[in-house]
file my_file_18.csv (CSV, C-alpha atoms and all ligand atoms)
chain,number,residue,atom,x,y,z
A,11,MET,CA,67.3,90.4,69.8
A,12,LYS,CA,66.1,93.3,67.7
A,13,VAL,CA,68.0,94.0,64.5
A,14,TYR,CA,67.5,97.0,62.2
A,15,PHE,CA,68.7,96.2,58.7
A,16,ASP,CA,66.5,98.7,56.9
A,17,ASN,CA,68.9,101.6,56.7
A,18,ALA,CA,68.2,102.3,53.0
A,19,ALA,CA,64.6,103.2,54.1
A,20,THR,CA,65.8,105.4,57.0
A,21,THR,CA,68.5,105.5,59.6
A,22,ALA,CA,68.7,106.2,63.3
A,23,MET,CA,69.7,109.8,64.1
A,24,ASP,CA,73.2,110.3,65.3
A,25,ASP,CA,73.4,111.8,68.9
A,26,GLY,CA,75.6,114.6,67.6
A,27,VAL,CA,72.8,115.6,65.2
A,28,ILE,CA,70.2,115.6,67.9
A,29,ASP,CA,72.5,117.7,70.1
A,30,ALA,CA,73.0,120.2,67.3
A,31,MET,CA,69.2,120.5,66.7
A,32,ILE,CA,68.0,120.9,70.3
A,33,PRO,CA,69.0,124.6,70.7
A,34,TYR,CA,66.9,125.4,67.6
A,35,MET,CA,63.9,123.8,69.3
A,36,LYS,CA,64.4,125.5,72.7
A,37,GLU,CA,66.3,128.8,72.6
A,38,HIS,CA,66.6,129.8,69.0
A,39,TYR,CA,63.0,129.9,67.8
A,40,GLY,CA,62.9,133.2,65.9
A,41,ASN,CA,61.7,133.3,62.3
A,42,PRO,CA,64.7,133.5,60.1
A,43,SER,CA,63.0,136.1,57.9
A,44,SER,CA,62.6,138.5,60.8
A,45,VAL,CA,65.1,141.3,60.9
A,46,HIS,CA,65.4,141.5,64.8
A,47,SER,CA,68.1,139.6,66.7
A,48,HIS,CA,65.9,136.5,67.4
A,49,GLY,CA,65.5,136.2,63.6
A,50,ARG,CA,69.0,137.1,62.7
A,51,GLU,CA,70.6,134.4,64.8
A,52,VAL,CA,68.4,131.7,63.2
A,53,ARG,CA,69.1,133.1,59.7
A,54,SER,CA,72.8,132.9,60.5
A,55,ALA,CA,72.4,129.2,61.4
A,56,ILE,CA,70.7,128.4,58.1
A,57,GLU,CA,73.4,130.2,56.1
A,58,LYS,CA,76.2,128.4,58.1
A,59,SER,CA,74.5,125.1,57.4
A,60,ARG,CA,74.3,125.9,53.7
A,61,LYS,CA,78.0,126.9,53.6
A,62,LYS,CA,78.9,123.7,55.4
A,63,VAL,CA,77.0,121.5,52.9
A,64,ALA,CA,78.5,123.4,50.0
A,65,GLU,CA,82.0,123.1,51.3
A,66,LEU,CA,81.7,119.3,51.9
A,67,LEU,CA,80.4,118.8,48.3
A,68,ASN,CA,82.7,121.3,46.6
A,69,ALA,CA,79.9,123.5,45.5
A,70,SER,CA,78.9,127.1,46.0
A,71,PRO,CA,76.5,128.0,48.8
A,72,SER,CA,74.3,129.7,46.1
A,73,GLU,CA,73.9,126.3,44.5
A,74,ILE,CA,72.3,124.6,47.6
A,75,PHE,CA,68.6,124.8,48.3
A,76,PHE,CA,67.1,123.2,51.4
A,77,THR,CA,63.9,121.1,50.8
A,78,SER,CA,61.6,118.8,52.7
A,79,GLY,CA,63.6,115.8,51.5
A,80,GLY,CA,64.8,113.8,48.5
A,81,THR,CA,61.4,113.5,46.9
A,82,GLU,CA,60.8,117.3,46.8
A,83,ALA,CA,64.3,117.9,45.6
A,84,ASP,CA,63.8,115.3,42.7
A,85,ASN,CA,60.5,116.9,41.8
A,86,THR,CA,62.0,120.4,41.8
A,87,ALA,CA,65.0,119.4,39.6
A,88,ILE,CA,62.8,117.6,37.1
A,89,VAL,CA,59.7,119.7,36.9
A,90,CYS,CA,61.5,123.1,37.0
A,91,GLY,CA,64.4,121.8,34.9
A,92,ILE,CA,62.0,120.9,32.1
A,93,HIS,CA,60.0,124.1,32.5
A,94,THR,CA,62.9,126.5,32.7
A,95,HIS,CA,64.9,125.1,29.9
A,96,GLY,CA,62.0,124.4,27.5
A,97,ILE,CA,62.8,120.7,27.5
A,98,LYS,CA,60.5,118.5,25.4
A,99,HIS,CA,62.1,115.1,25.9
A,100,ALA,CA,63.4,113.2,29.0
A,101,ILE,CA,65.3,110.0,29.5
A,102,THR,CA,65.3,107.9,32.6
A,103,SER,CA,65.8,104.3,33.6
A,104,PRO,CA,63.0,101.8,34.5
A,105,ILE,CA,64.6,101.2,37.9
A,106,GLU,CA,64.6,104.8,39.3
A,107,HIS,CA,62.9,105.6,42.6
A,108,HIS,CA,59.2,106.6,42.2
A,109,ALA,CA,60.2,110.1,43.2
A,110,VAL,CA,61.7,110.3,39.7
A,111,LEU,CA,59.6,107.9,37.7
A,112,HIS,CA,56.2,109.1,38.8
A,113,THR,CA,57.3,112.7,38.4
A,114,LEU,CA,58.4,112.2,34.8
A,115,GLU,CA,55.4,110.1,34.0
A,116,GLU,CA,53.2,112.9,35.2
A,117,CYS,CA,55.1,115.4,33.1
A,118,GLU,CA,54.5,113.1,30.1
A,119,LYS,CA,50.8,112.7,30.9
A,120,LYS,CA,50.4,116.5,31.0
A,121,GLY,CA,51.9,116.6,27.5
A,122,HIS,CA,55.0,118.6,28.6
A,123,ILE,CA,57.5,115.9,27.5
A,124,LYS,CA,57.9,112.7,25.7
A,125,LEU,CA,59.6,110.1,28.0
A,126,SER,CA,62.1,107.4,26.9
A,127,LYS,CA,63.6,104.7,29.1
A,128,VAL,CA,67.1,103.6,28.7
A,129,GLU,CA,67.7,99.8,28.6
A,130,VAL,CA,69.0,98.0,31.6
A,131,ASP,CA,70.2,94.4,31.6
A,132,GLU,CA,69.3,91.5,34.0
A,133,PHE,CA,71.8,92.9,36.5
A,134,GLY,CA,70.4,96.4,36.4
A,135,SER,CA,73.3,97.9,34.5
A,136,ILE,CA,72.5,100.8,32.2
A,137,ASN,CA,73.2,100.4,28.5
A,138,LEU,CA,75.2,103.6,27.8
A,139,ASP,CA,75.2,102.9,24.0
A,140,HIS,CA,71.4,103.1,24.2
A,141,LEU,CA,71.6,106.3,26.2
A,142,GLN,CA,73.8,107.8,23.5
A,143,GLU,CA,71.4,106.7,20.8
A,144,LEU,CA,68.5,108.2,22.6
A,145,LEU,CA,70.4,111.5,23.1
A,146,LYS,CA,71.5,111.6,19.5
A,147,ALA,CA,67.9,111.4,18.4
A,148,ASN,CA,66.8,113.9,21.1
A,149,PRO,CA,69.5,116.4,22.0
A,150,LYS,CA,68.7,118.9,24.7
A,151,SER,CA,66.8,116.3,26.7
A,152,LEU,CA,66.6,116.0,30.5
A,153,VAL,CA,68.5,113.0,31.7
A,154,SER,CA,67.6,111.6,35.1
A,155,ILE,CA,69.6,108.6,36.2
A,156,MET,CA,70.2,107.7,39.8
A,157,HIS,CA,73.7,107.5,41.3
A,158,ALA,CA,72.9,104.3,43.1
A,159,ASN,CA,69.8,102.1,43.2
A,160,ASN,CA,68.0,101.9,46.5
A,161,GLU,CA,66.8,98.3,46.1
A,162,ILE,CA,69.7,96.5,44.5
A,163,GLY,CA,72.5,98.9,45.3
A,164,ASN,CA,74.0,99.2,41.8
A,165,ILE,CA,76.2,102.2,41.4
A,166,ASN,CA,76.2,104.1,38.2
A,167,ASP,CA,79.2,106.0,36.8
A,168,LEU,CA,78.0,109.7,37.0
A,169,SER,CA,81.1,111.0,35.1
A,170,ALA,CA,80.4,108.6,32.2
A,171,ILE,CA,76.7,109.4,32.0
A,172,GLY,CA,77.3,113.2,32.6
A,173,ASN,CA,79.9,113.3,29.8
A,174,ILE,CA,77.4,111.7,27.3
A,175,ALA,CA,74.7,114.1,28.5
A,176,LYS,CA,77.0,117.0,28.0
A,177,GLU,CA,77.9,116.0,24.5
A,178,TYR,CA,74.2,116.4,23.6
A,179,ASP,CA,73.6,119.5,25.6
A,180,ALA,CA,71.2,117.7,28.0
A,181,PHE,CA,70.2,118.7,31.5
A,182,PHE,CA,71.6,116.0,33.8
A,183,HIS,CA,69.9,115.3,37.1
A,184,SER,CA,70.9,112.4,39.3
A,185,ASP,CA,69.0,111.1,42.3
A,186,THR,CA,71.9,110.8,44.8
A,187,VAL,CA,69.7,110.0,47.8
A,188,GLN,CA,71.4,106.7,48.5
A,189,THR,CA,75.0,107.9,48.1
A,190,MET,CA,74.9,111.3,49.8
A,191,GLY,CA,76.7,111.0,53.1
A,192,HIS,CA,78.1,107.6,52.2
A,193,TYR,CA,80.4,108.5,49.2
A,194,PRO,CA,82.3,111.7,48.6
A,195,HIS,CA,80.8,114.1,45.9
A,196,ASP,CA,83.0,116.6,44.2
A,197,LEU,CA,80.3,118.6,42.4
A,198,LYS,CA,82.5,121.2,40.8
A,199,ASN,CA,84.4,118.5,39.0
A,200,LEU,CA,81.4,116.3,37.9
A,201,PRO,CA,79.6,117.0,34.7
A,202,ILE,CA,76.2,117.2,36.4
A,203,ASP,CA,73.5,119.8,36.7
A,204,ALA,CA,71.4,118.7,39.7
A,205,VAL,CA,71.7,116.3,42.6
A,206,VAL,CA,69.6,115.7,45.7
A,207,ALA,CA,69.8,114.5,49.3
A,208,GLY,CA,67.5,113.3,52.1
A,209,GLY,CA,68.9,113.8,55.6
A,210,HIS,CA,67.3,110.7,57.1
A,211,LYS,CA,69.4,108.4,54.9
A,212,PHE,CA,72.6,109.4,56.6
A,213,HIS,CA,71.6,109.7,60.3
A,214,GLY,CA,70.0,113.1,60.0
A,215,PRO,CA,66.4,114.1,60.5
A,216,LYS,CA,63.4,113.1,58.4
A,217,GLY,CA,61.7,115.8,56.4
A,218,ALA,CA,64.9,117.6,55.6
A,219,GLY,CA,66.8,117.5,52.3
A,220,PHE,CA,68.5,119.6,49.8
A,221,LEU,CA,68.9,120.2,46.1
A,222,TYR,CA,72.0,121.2,44.3
A,223,VAL,CA,71.6,123.0,41.0
A,224,ASN,CA,74.7,124.0,39.0
A,225,LYS,CA,74.8,127.8,38.7
A,226,ALA,CA,75.3,127.5,35.0
A,227,LYS,CA,71.8,125.8,34.7
A,228,LYS,CA,69.5,127.9,37.0
A,229,ILE,CA,65.9,126.8,37.4
A,230,THR,CA,62.7,128.6,38.3
A,231,PRO,CA,60.9,128.0,41.7
A,232,PHE,CA,58.9,125.0,42.6
A,233,ILE,CA,57.1,126.5,45.5
A,234,TYR,CA,55.9,130.1,45.2
A,235,GLY,CA,55.5,132.3,48.3
A,236,GLY,CA,57.9,134.3,50.3
A,237,ALA,CA,61.5,135.0,49.3
A,238,GLN,CA,63.0,132.1,51.3
A,239,GLU,CA,65.8,130.1,49.7
A,240,ARG,CA,66.6,133.0,47.5
A,241,ASN,CA,63.1,133.0,46.0
A,242,MET,CA,63.4,129.3,45.1
A,243,ARG,CA,61.2,127.8,47.8
A,244,GLY,CA,58.6,129.9,49.6
A,245,GLY,CA,57.7,129.0,53.2
A,246,THR,CA,59.3,129.5,56.6
A,247,GLU,CA,62.4,127.3,56.6
A,248,ASN,CA,62.6,124.0,58.6
A,249,VAL,CA,65.4,125.4,60.7
A,250,ILE,CA,65.8,122.4,63.0
A,251,GLY,CA,65.9,120.1,60.0
A,252,ILE,CA,68.4,122.3,58.1
A,253,VAL,CA,70.8,122.5,61.1
A,254,GLY,CA,70.3,118.7,61.5
A,255,ILE,CA,71.0,117.7,57.9
A,256,ALA,CA,74.2,119.9,57.8
A,257,LYS,CA,75.4,118.3,61.0
A,258,ALA,CA,74.6,114.8,59.7
A,259,LEU,CA,76.6,115.5,56.5
A,260,GLU,CA,79.5,116.9,58.5
A,261,LEU,CA,79.6,113.8,60.8
A,262,ALA,CA,79.3,111.5,57.7
A,263,TYR,CA,82.4,113.2,56.2
A,264,GLU,CA,84.4,113.2,59.4
A,265,ASP,CA,85.0,109.5,59.2
A,266,MET,CA,83.5,108.3,55.9
A,267,ASP,CA,86.3,105.7,55.3
A,268,GLY,CA,86.0,104.3,58.8
A,269,HIS,CA,82.2,103.9,58.5
A,270,ARG,CA,82.7,102.3,55.0
A,271,LYS,CA,85.3,99.8,56.2
A,272,HIS,CA,83.1,98.8,59.1
A,273,ILE,CA,80.0,98.3,57.0
A,274,GLU,CA,81.9,96.6,54.1
A,275,LYS,CA,83.1,94.0,56.6
A,276,LEU,CA,79.5,93.3,57.7
A,277,LYS,CA,78.3,93.0,54.1
A,278,SER,CA,81.1,90.6,53.1
A,279,ARG,CA,80.4,88.5,56.2
A,280,PHE,CA,76.7,88.4,55.4
A,281,ILE,CA,77.4,87.3,51.8
A,282,GLU,CA,79.9,84.6,52.8
A,283,GLN,CA,77.6,83.2,55.5
A,284,LEU,CA,74.6,83.1,53.3
A,285,GLN,CA,76.5,81.3,50.6
A,286,GLU,CA,77.8,78.8,53.1
A,287,ASN,CA,74.5,78.1,54.8
A,288,ILE,CA,71.7,78.5,52.3
A,289,ALA,CA,71.7,76.3,49.2
A,290,GLY,CA,70.4,78.1,46.1
A,291,VAL,CA,70.8,81.6,47.5
A,292,SER,CA,71.7,84.3,45.0
A,293,PHE,CA,71.8,88.1,44.9
A,294,ASN,CA,69.8,90.6,42.9
A,295,GLY,CA,71.4,93.1,40.6
A,296,LEU,CA,75.1,93.7,41.3
A,297,SER,CA,74.5,93.8,45.1
A,298,ALA,CA,77.0,91.1,45.8
A,299,ASP,CA,79.7,92.9,43.9
A,300,MET,CA,81.5,94.9,46.5
A,301,ASP,CA,83.0,97.3,43.9
A,302,LYS,CA,79.9,98.0,41.9
A,303,SER,CA,77.2,98.3,44.5
A,304,LEU,CA,76.5,100.3,47.6
A,305,TYR,CA,78.3,98.9,50.7
A,306,THR,CA,75.1,99.6,52.6
A,307,VAL,CA,72.8,97.4,50.5
A,308,LEU,CA,72.5,93.6,50.0
A,309,ASN,CA,69.5,92.3,48.0
A,310,VAL,CA,69.2,88.6,48.6
A,311,SER,CA,67.1,86.2,46.4
A,312,LEU,CA,66.0,83.1,48.3
A,313,PRO,CA,65.1,79.8,46.7
A,314,PRO,CA,61.4,78.9,46.4
A,315,SER,CA,60.0,77.7,49.7
A,316,GLU,CA,56.4,76.9,50.5
A,317,GLU,CA,56.7,78.0,54.2
A,318,ASN,CA,58.2,81.4,53.4
A,319,SER,CA,56.6,82.3,50.1
A,320,GLY,CA,55.3,85.8,50.5
A,321,MET,CA,55.9,85.5,54.3
A,322,LEU,CA,59.7,86.0,54.5
A,323,LEU,CA,59.6,89.6,55.8
A,324,PHE,CA,56.9,88.7,58.2
A,325,ASN,CA,58.9,85.7,59.5
A,326,LEU,CA,62.0,87.8,59.9
A,327,ASP,CA,59.9,90.4,61.8
A,328,LEU,CA,58.7,87.7,64.1
A,329,HIS,CA,62.3,87.2,65.1
A,330,GLY,CA,62.9,90.9,65.6
A,331,ILE,CA,64.7,91.5,62.3
A,332,SER,CA,63.5,94.6,60.3
A,333,ALA,CA,64.4,94.4,56.6
A,334,SER,CA,62.4,95.3,53.5
A,335,GLY,CA,61.7,93.8,50.2
A,336,GLY,CA,59.4,93.3,47.4
A,337,SER,CA,59.3,90.4,45.1
A,338,ALA,CA,59.1,90.4,41.3
A,339,CYS,CA,55.4,89.4,41.5
A,340,SER,CA,52.5,91.9,41.7
A,341,SER,CA,49.5,90.1,43.1
A,342,GLY,CA,47.3,90.3,46.2
A,343,ALA,CA,48.2,93.0,48.7
A,344,THR,CA,51.7,93.6,47.4
A,345,VAL,CA,52.4,95.5,44.2
A,346,GLY,CA,55.9,93.9,44.0
A,347,SER,CA,59.1,95.7,43.0
A,348,HIS,CA,59.2,97.5,39.7
A,349,VAL,CA,63.0,97.2,40.0
A,350,LEU,CA,63.1,93.4,40.3
A,351,ARG,CA,60.5,93.1,37.5
A,352,ALA,CA,62.6,95.3,35.2
A,353,LEU,CA,65.5,92.8,35.8
A,354,GLY,CA,63.3,89.9,35.0
A,355,ALA,CA,63.7,88.3,38.4
A,356,SER,CA,61.7,85.1,39.1
A,357,ALA,CA,58.4,85.7,40.8
A,358,GLU,CA,58.8,82.4,42.6
A,359,ARG,CA,61.8,83.5,44.7
A,360,ASP,CA,61.5,85.7,47.7
A,361,SER,CA,63.7,88.7,47.7
A,362,VAL,CA,64.7,90.7,50.8
A,363,ARG,CA,66.8,93.8,51.0
A,364,PHE,CA,69.1,94.1,54.0
A,365,SER,CA,70.6,97.5,54.4
A,366,PHE,CA,73.3,98.5,56.9
A,367,SER,CA,74.6,101.4,58.8
A,368,ARG,CA,77.6,102.2,61.0
A,369,PHE,CA,75.5,101.2,64.0
A,370,ASN,CA,75.1,97.6,63.0
A,371,THR,CA,77.3,94.8,64.3
A,372,ALA,CA,78.7,91.4,63.2
A,373,GLU,CA,76.6,89.8,65.9
A,374,GLU,CA,73.5,91.1,64.2
A,375,VAL,CA,74.6,89.6,60.9
A,376,ASP,CA,75.3,86.2,62.5
A,377,TYR,CA,71.9,86.2,64.3
A,378,THR,CA,70.1,87.1,61.0
A,379,VAL,CA,71.8,84.4,59.0
A,380,GLY,CA,71.1,81.9,61.8
A,381,LYS,CA,67.3,82.8,61.5
A,382,LEU,CA,67.4,82.5,57.7
A,383,LYS,CA,69.1,79.2,58.1
A,384,GLU,CA,66.2,78.0,60.4
A,385,LEU,CA,63.6,79.3,57.9
A,386,TYR,CA,65.3,77.7,54.9
A,387,GLY,CA,66.7,74.7,56.8
A,388,VAL,CA,64.5,72.3,54.9
A,389,ILE,CA,66.3,73.2,51.7
A,390,ALA,CA,69.9,73.6,52.9
B,401,LIG,C1,66.8,106.6,45.6
B,401,LIG,C2,65.8,107.4,46.4
B,401,LIG,N1,65.3,108.5,45.9
B,401,LIG,C3,64.4,109.3,46.6
B,401,LIG,C4,64.0,108.9,47.9
B,401,LIG,C5,63.0,109.8,48.6
B,401,LIG,O1,63.7,110.5,49.6
B,401,LIG,P1,62.9,111.2,50.8
B,401,LIG,O2,62.4,110.1,51.7
B,401,LIG,O3,63.9,112.1,51.5
B,401,LIG,O4,61.8,112.0,50.2
B,401,LIG,C6,64.5,107.7,48.4
B,401,LIG,C7,64.0,107.2,49.7
B,401,LIG,O5,63.6,106.1,49.9
B,401,LIG,C8,65.4,106.9,47.7
B,401,LIG,O6,65.9,105.8,48.2
call {"tool": "encode", "arguments": {"input": "my_file_18.csv", "output": "C-alpha cells"}}
result
Amino acid sequence: MKVYFDNAATTAMDDGVIDAMIPYMKEHYGNPSSVHSHGREVRSAIEKSRKKVAELLNASPSEIFFTSGGTEADNTAIVCGIHTHGIKHAITSPIEHHAVLHTLEECEKKGHIKLSKVEVDEFGSINLDHLQELLKANPKSLVSIMHANNEIGNINDLSAIGNIAKEYDAFFHSDTVQTMGHYPHDLKNLPIDAVVAGGHKFHGPKGAGFLYVNKAKKITPFIYGGAQERNMRGGTENVIGIVGIAKALELAYEDMDGHRKHIEKLKSRFIEQLQENIAGVSFNGLSADMDKSLYTVLNVSLPPSEENSGMLLFNLDLHGISASGGSACSSGATVGSHVLRALGASAERDSVRFSFSRFNTAEEVDYTVGKLKELYGVIA
C-alpha cells in the first residue's frame, strides 16, 4: 500500500484544476501583454482569475498579485513592506517558516532593521503580552506572524494579533500558506496588511502563488521589469499557474466544510488509535487539539526507541508511507527542526508530521498506525 501523508509539503492536483489549465497549454498560448486577440484572451483569463481569488477572499482585485508561490509572496511583503514604509524594526516568532525567518534575518544582516522575536511557550503558543511590550517599545514595526504553523499545526488568532499591531501602527503580514484554501479568509474584515498563498498546498499547481496587500498599505515592486501585475512584478505571467491556482481556490471553497469534516475524522481516528496502541506517544505543539490546530496536520512524538532512532521516516517509507519530520536534534546529516527546538522538545524522541488531504482515507490511517505499532511493538 502506498500512503501519502505529506500534504503540508505539497498536495496532489485536483483533476478539475488540471482540466482548467490544459487549454492554456494547448490553445491559449498568447502573451498576455500582447494587444492582439491571442494576447487579449489570455489577459482576460488572468484578470478573471484575479477577480475570482479576490471575490473568494473578500478583497479587491487590485489587492491581489500573482507570484511564483508562498516564498516569493512572503519575501515581497516583508522586503517591500520594510522598504516602502521606512520600517526600522520587525517582530516575528521563532517558529515561522524559513521563507519569513531567513528573509527577516537577511534584512537585519544588511542593517535595514533590528529584529525581535516574540516569546512562544512549550506548546508553540505566542505570548501576546510580550508582542504588546515589543510594539510599545517599537511602534511602526513590521509584524510577521504566521496564521498556522506548518510543522505543529498551531493556529494563531489573526484578529487578536492584528488588533494589537494596529494599536501601534504596525505593518502586519501573516504567512497564511497553510490555511489558504483550507479555512475561509475575510480580508476586508481582518486587521491585516498582507497575506500569502502557495497553490500547491491546496491541490493547485506548484510554482504559483499570490500576495494580497491591503490597498491602504501599498508597497513598491519586488521584481523590476515590464508592467505586469500592475508594475508590481515584472516578467511574463505564469498564465497556466494563475488559471490553476484560481481554480484550486474555487474548488476548495466549493465544499470547504465537507473537506474539513472528512479530514477531521481522519485526524481524530489517527490520534485515538495512536493513544490506544503506542505507549508513551505524545503530540507536539497543539496538534492534538482539534480546535487550536490545523485539521490537516498531526505532529506525533514517539518514545525513544533504539531501532527507530533517526530512522523512523526511512522505516515508514519502506512500508510505502510518505510523511515528513525533523527531530529536535541537529547533528549528522539532519539539521533538525527549528520549530521543535524552540518548543524545547526532547532530542531523544522521534517526531513525525502526518499531514492529510481530502484524498486520504480511513484505511490509510489504519494501515499507518498498524505499521507504527509494528515498529514500536517492543515498547507497547
Ligand atoms: C508556512 C509556509 N510558508 C511558506 C511556504 C513556502 O511556500 P512555497 O512552497 O509556495 O514557496 C511553505 C511551504 O512549505 C509553508 O508551509
call {"tool": "residues_near_ligand", "arguments": {"input": "my_file_18.csv", "ligand": "ligand LIG 401 (chain B)", "cutoff": "6 Å", "atoms": "only C-alpha atoms and all ligand atoms", "output": "compact mmCIF listing (two decimals) with C-alpha atoms, in the frame of the given file"}}
result
# COMPACT_ATOMS: atom_id res chain seq x y z
CA ALA A 19 64.60 103.20 54.10
CA GLY A 79 63.60 115.80 51.50
CA GLY A 80 64.80 113.80 48.50
CA THR A 81 61.40 113.50 46.90
CA HIS A 107 62.90 105.60 42.60
CA ALA A 109 60.20 110.10 43.20
CA ASN A 159 69.80 102.10 43.20
CA ASN A 160 68.00 101.90 46.50
CA ASP A 185 69.00 111.10 42.30
CA VAL A 187 69.70 110.00 47.80
CA GLN A 188 71.40 106.70 48.50
CA GLY A 208 67.50 113.30 52.10
call {"tool": "residues_around", "arguments": {"input": "my_file_18.csv", "residues": "range 211-221 of chain A", "least_positions_apart": "2", "cutoff": "7 Å", "atoms": "all atoms listed in the file", "output": "NGL selection string"}}
result
:A and (18 or 20-24 or 27 or 74-80 or 83 or 188 or 191 or 205-209 or 223 or 251-252 or 254-255 or 258)
call {"tool": "atom_distance", "arguments": {"input": "my_file_18.csv", "atom1": "CA of Ser184 in chain A", "atom2": "CA of Ile281 in chain A"}}
result
28.8 Å
call {"tool": "atom_distance", "arguments": {"input": "my_file_18.csv", "atom1": "CA of Lys127 in chain A", "atom2": "CA of Ala147 in chain A"}}
result
13.3 Å
call {"tool": "closest_residue", "arguments": {"input": "my_file_18.csv", "among": "A:Leu296, A:Val345, A:Gly335, A:Gln238", "to": "Ser44 in chain A", "atoms": "all atoms listed in the file"}}
result
A:Gln238
call {"tool": "residues_near_point", "arguments": {"input": "my_file_18.csv", "point": "(64.7, 110.0, 29.8)", "cutoff": "6 Å", "atoms": "all atoms listed in the file", "output": "list in words"}}
result
Ala100, Ile101, Thr102, Leu125, Ser126, Lys127 and Val153 of chain A
call {"tool": "atom_distance", "arguments": {"input": "my_file_18.csv", "atom1": "CA of Lys58 in chain A", "atom2": "CA of Lys257 in chain A"}}
result
10.5 Å
call {"tool": "residues_around", "arguments": {"input": "my_file_18.csv", "residues": "Met300 in chain A", "least_positions_apart": "2", "cutoff": "12 Å", "atoms": "all atoms listed in the file", "output": "list of chain:residue names"}}
result
A:Gly163, A:Asn164, A:Ile165, A:Arg270, A:Lys271, A:Ile273, A:Glu274, A:Lys275, A:Leu276, A:Lys277, A:Ser278, A:Arg279, A:Ile281, A:Phe293, A:Gly295, A:Leu296, A:Ser297, A:Ala298, A:Lys302, A:Ser303, A:Leu304, A:Tyr305, A:Thr306, A:Val307, A:Leu308
call {"tool": "residues_around", "arguments": {"input": "my_file_18.csv", "residues": "Glu37 in chain A", "least_positions_apart": "2", "cutoff": "12 Å", "atoms": "all atoms listed in the file", "output": "ChimeraX atom specification"}}
result
/A:31-35,39-40,48-49,51-52,250
call {"tool": "residues_near_point", "arguments": {"input": "my_file_18.csv", "point": "(62.3, 115.8, 36.3)", "cutoff": "7 Å", "atoms": "all atoms listed in the file", "output": "PDB file with C-alpha atoms, in the frame of the given file"}}
result
ATOM      1  CA  ASP A  84      63.800 115.300  42.700  1.00  0.00           C
ATOM      2  CA  ASN A  85      60.500 116.900  41.800  1.00  0.00           C
ATOM      3  CA  ALA A  87      65.000 119.400  39.600  1.00  0.00           C
ATOM      4  CA  ILE A  88      62.800 117.600  37.100  1.00  0.00           C
ATOM      5  CA  VAL A  89      59.700 119.700  36.900  1.00  0.00           C
ATOM      6  CA  GLY A  91      64.400 121.800  34.900  1.00  0.00           C
ATOM      7  CA  ILE A  92      62.000 120.900  32.100  1.00  0.00           C
ATOM      8  CA  VAL A 110      61.700 110.300  39.700  1.00  0.00           C
ATOM      9  CA  THR A 113      57.300 112.700  38.400  1.00  0.00           C
ATOM     10  CA  LEU A 114      58.400 112.200  34.800  1.00  0.00           C
ATOM     11  CA  SER A 154      67.600 111.600  35.100  1.00  0.00           C
TER      12      SER A 154
END
call {"tool": "residues_around", "arguments": {"input": "my_file_18.csv", "residues": "Asp139 in chain A", "least_positions_apart": "4", "cutoff": "10 Å", "atoms": "all atoms listed in the file", "output": "list in words"}}
result
Val128, Glu129, Glu143, Leu144, Leu145 and Ile174 of chain A
call {"tool": "closest_residue", "arguments": {"input": "my_file_18.csv", "among": "A:Asn248, A:Asn287, A:Ser169, A:Thr186", "to": "Leu385 in chain A", "atoms": "all atoms listed in the file"}}
result
A:Asn287
call {"tool": "closest_residue", "arguments": {"input": "my_file_18.csv", "among": "A:Gly330, A:Gly380, A:Pro313, A:Pro231", "to": "Asp360 in chain A", "atoms": "only C-alpha atoms"}}
result
A:Pro313
call {"tool": "closest_residue", "arguments": {"input": "my_file_18.csv", "among": "A:Ser347, A:Ser356, A:Ala30, A:His272", "to": "Ala372 in chain A", "atoms": "all atoms listed in the file"}}
result
A:His272
call {"tool": "residues_around", "arguments": {"input": "my_file_18.csv", "residues": "Val13 in chain A", "least_positions_apart": "4", "cutoff": "10 Å", "atoms": "all atoms listed in the file", "output": "short mmCIF file (atom, residue, chain, number, x, y, z; two decimals) with C-alpha atoms, keeping the file's coordinate frame"}}
result
data_model
loop_
_atom_site.label_atom_id
_atom_site.label_comp_id
_atom_site.auth_asym_id
_atom_site.auth_seq_id
_atom_site.Cartn_x
_atom_site.Cartn_y
_atom_site.Cartn_z
CA LEU A 326 62.00 87.80 59.90
CA ASP A 327 59.90 90.40 61.80
CA HIS A 329 62.30 87.20 65.10
CA GLY A 330 62.90 90.90 65.60
CA ILE A 331 64.70 91.50 62.30
CA SER A 332 63.50 94.60 60.30
CA ALA A 333 64.40 94.40 56.60
CA ASN A 370 75.10 97.60 63.00
CA THR A 371 77.30 94.80 64.30
CA GLU A 373 76.60 89.80 65.90
CA GLU A 374 73.50 91.10 64.20
CA VAL A 375 74.60 89.60 60.90
CA TYR A 377 71.90 86.20 64.30
CA THR A 378 70.10 87.10 61.00
#
call {"tool": "closest_residue", "arguments": {"input": "my_file_18.csv", "among": "A:Phe364, A:Phe182, A:Tyr263, A:Phe280", "to": "Asp376 in chain A", "atoms": "all atoms listed in the file"}}
result
A:Phe280
call {"tool": "closest_residue", "arguments": {"input": "my_file_18.csv", "among": "A:Leu138, A:Ile123, A:Ala55, A:Ala69", "to": "Lys225 in chain A", "atoms": "only C-alpha atoms"}}
result
A:Ala69
